[in-house]
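Participant: Supplied in structure tokens, the structure appears directly below.
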Protein chains: 2
Amino acid sequence: MQAYTSLFEILNKAIEEQQTSLNTSSPKEMYEPMNYIIGLGGKRVRPLLTIVGCDIFDANPNEAIHAALAVELFHNFSLIHDDILDNAPLRRGNTTVHEKWNHNIALLSGDGMMVKAFEILGKSNAKHIPELLQLFSKTGLEVCEGQQYDMNFETQDNVSVEHYIHMITYKTAVLLGCSLQMGSICANASLESQKHLYEFGKHVGIAFQILDDVLDVYADDEKFGKQVGGDIISNKKTFMLLDAFELANEEQTKELNHLLFSKEISTTEKVKQVTALYNNLGVKELAIKEANKHTDIALKHLEELKANESKKQHLKEFALHLLNREV
Amino acid sequence: MQAYTSLFEILNKAIEEQQTSLNTSSPKEMYEPMNYIIGLGGKRVRPLLTIVGCDIFDANPNEAIHAALAVELFHNFSLIHDDILDNAPLRRGNTTVHEKWNHNIALLSGDGMMVKAFEILGKSNAKHIPELLQLFSKTGLEVCEGQQYDMNFETQDNVSVEHYIHMITYKTAVLLGCSLQMGSICANASLESQKHLYEFGKHVGIAFQILDDVLDVYADDEKFGKQVGGDIISNKKTFMLLDAFELANEEQTKELNHLLFSKEISTTEKVKQVTALYNNLGVKELAIKEANKHTDIALKHLEELKANESKKQHLKEFALHLLNREV
């Protein structure tokens, strides 16, 4: 995204400075893992959205830099702790913090990173801090709640598509909405404008997550970068699986349950047959339709936003670029 | 403390309301453990100090109630996570959260509780929020750092008495200072007054922790409520042990190392012989002297504080009451 080159420069410089500061902090057992996880990269979508949410009103994007860093630190804290919860060995192709160090260090450096996020937020312009803190803490709680719902789903039988949408909204989407709204708070935007940006980010996040589930099944193996069919193998309750159960007739339900819980079927065969069932039921198309619905809601909010029109266009293109991941 | 009866009433009412709110929040897997750990009680020293820190300037103690709740939630978050780190089965005589539920729930409800602390802090009077957030997040980071230093000590050979004082200052004492200072911020106290209260709380905290170590060895078994000598059995690097190593002659050092690392000696015998060595070296008296030094520093700060004189007297009595635990 060429339009965001200079905003990325501002952001990357701030992240580098933050890393230098973490690098020289004591005790190193607590600060090194923070630096490590930030150093693994990622697309920096959330903090970018925060400075975009400020810049879109033609305010100085530097006004939002502390809020942007806070979002990035919070996101990385959640990655460290989620990897403990999921017992994940890898994150972005690298060893996870609890594997590279140990569980105690991962727990404590995650805690420290979350406090650090609030500390950095507190360096924002004082007049914005009460509003920023309210939004950021409310969202942080929702992210934790979403993670708990996701954990509950693993052992829960009666998960509906609605439950699923609620879960991904909390676990993933609200932080995108919050990122944009925090930027707009730093730009002194009206509450109405703030809300449009929040809803835009939230619905883009929901669409993104649904398409992520679709990719997990239908992505091109080589381009995907992780195992295609991983969600199917682990019986993850995705939009498509929940939808499949809702649409399946008696025989198909029986088959689906057999594929999910039989210990005799190989994982390759399981992925192949569940995918075939998804194709029969048309749940891929339904998932894409659901994602498009949320994309449309998002774009409607962006349309109604009173802000710099060409910058609105850039944000629209950026969102569509994020969502357009060859399915 | 009769002087604090009405302040305790305000506090307990607010904590009860908070518990009712937690009790009705979803997902219950995340909120029930928060309610559980708060329900285990404790002396509520920290949140009381926050409203005392406001009341001492004759301001309305209700001004500080959100800051008080934030401190209590933060403290309880740290208990949940510390119990995971220490693999502790019991907290205040009851099952710890990770034992009663599981590690994942303890991790996530602890996270949620910390975010909740910041959320509640954000309900304070907006004009105080930037100052409160700065102090609270700085202190929160120090508490995490102190916990990491404590963990490091377990495998570290060259721990000095100074390192130890630094560790307990961060792990325990700064939150007491912060509790009082947050109250004084809510009372619009001058920065000078804030600092006196902070230092008072911090040094009381240091004295308290040193005396806690002494109690662990010299307490009356029946009154103590936990196993006397627990620190000796686990080779915990307390003020007295570190002091003993600094004062011991060659022979005594050899004996101490033998007692600590021999696998042939019974725990009863180990406690008895290490205590005898402590008695020979006079480290109990030195620890009490060190604690008294910090108590004196604390009282000097209180003396210099410009506030309601009779309320200063109550705070002094309360602190001495906390510290006066029959050694």
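As shown in the structure tokens, the chain order sets the letters A, B, ...; within each chain, residues go from 1, and ligands are also counted from 1 in the order they appear.
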Select from chain A every residue with an atom at most 8 Å from any atom of chain B, then for each give the shortest pair of atoms and their distance in Å to one decimal, using only C-alpha atoms, rows by chain and rising number, as CSV.

Facilitator:
residue,atom,partner,partner_atom,distance
A:Ser26,CA,B:Glu145,CA,7.6
A:Pro27,CA,B:Glu145,CA,6.5
A:Glu29,CA,B:Gln148,CA,7.3
A:Met30,CA,B:Gln148,CA,6.7
A:His81,CA,B:Leu107,CA,7.9
A:Leu85,CA,B:Asn104,CA,5.7
A:Asn104,CA,B:Leu85,CA,5.7
A:Leu107,CA,B:Leu107,CA,7.8
A:Leu108,CA,B:Cys144,CA,6.8
A:Asp111,CA,B:Cys144,CA,7.3
A:Gly112,CA,B:Leu141,CA,5.8
A:Val115,CA,B:Ser137,CA,5.9
A:Lys116,CA,B:Leu141,CA,6.8
A:Phe118,CA,B:Ser137,CA,6.3
A:Glu119,CA,B:Ser137,CA,5.0
A:Gly122,CA,B:Gln134,CA,5.8
A:Lys123,CA,B:Gln134,CA,7.9
A:Ala126,CA,B:Pro130,CA,5.8
A:Ile129,CA,B:Pro130,CA,6.1
A:Pro130,CA,B:Ala126,CA,5.8
A:Leu133,CA,B:Gly122,CA,6.1
A:Gln134,CA,B:Gly122,CA,5.8
A:Ser137,CA,B:Glu119,CA,5.0
A:Lys138,CA,B:Glu119,CA,6.6
A:Gly140,CA,B:Val115,CA,6.4
A:Leu141,CA,B:Gly112,CA,5.8
A:Cys144,CA,B:Gly112,CA,5.9
A:Glu145,CA,B:Pro27,CA,6.4
A:Gln148,CA,B:Met30,CA,6.8
A:Tyr149,CA,B:Pro27,CA,6.8

Participant: Quick one: DSSP strand (DSSP E or B) residues in region 85-314 of chain B, as a ChimeraX atom specification?

Facilitator: /B:90-91,94-95

Participant: Residues within 8 Å of region 42-52 of chain A, please, as a ChimeraX atom specification. Count only C-alpha atoms; anything in the same chain fewer than 4 positions from it doesn't count.

Facilitator: /A:7-8,11,56,61-62,64-65,67-69,71-72,92,175-176,179-184,315

Participant: To one decimal in Å, tell me the separation between CA of Lys202 (chain A) and CA of Val161 (chain A).

Facilitator: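 Rounded to one decimal, the two atoms are 17.5 Å apart.
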
Participant: Give me, as a list in words, all polymer residues having an atom no more than 12 Å from Ile288 (chain B), counting only C-alpha atoms and skipping those fewer than 2 positions away in the same chain.

Facilitator: Ile206, Ala207, Phe208, Gln209, Ile210, Leu211, Asp212, Asp213, Val214, Leu215, Tyr218, Phe239, Met240, Gly282, Val283, Lys284, Glu285, Leu286, Glu290, Ala291, Asn292, Lys293, His294, Thr295, Leu323, Asn324, Arg325, Glu326 and Val327 of chain B
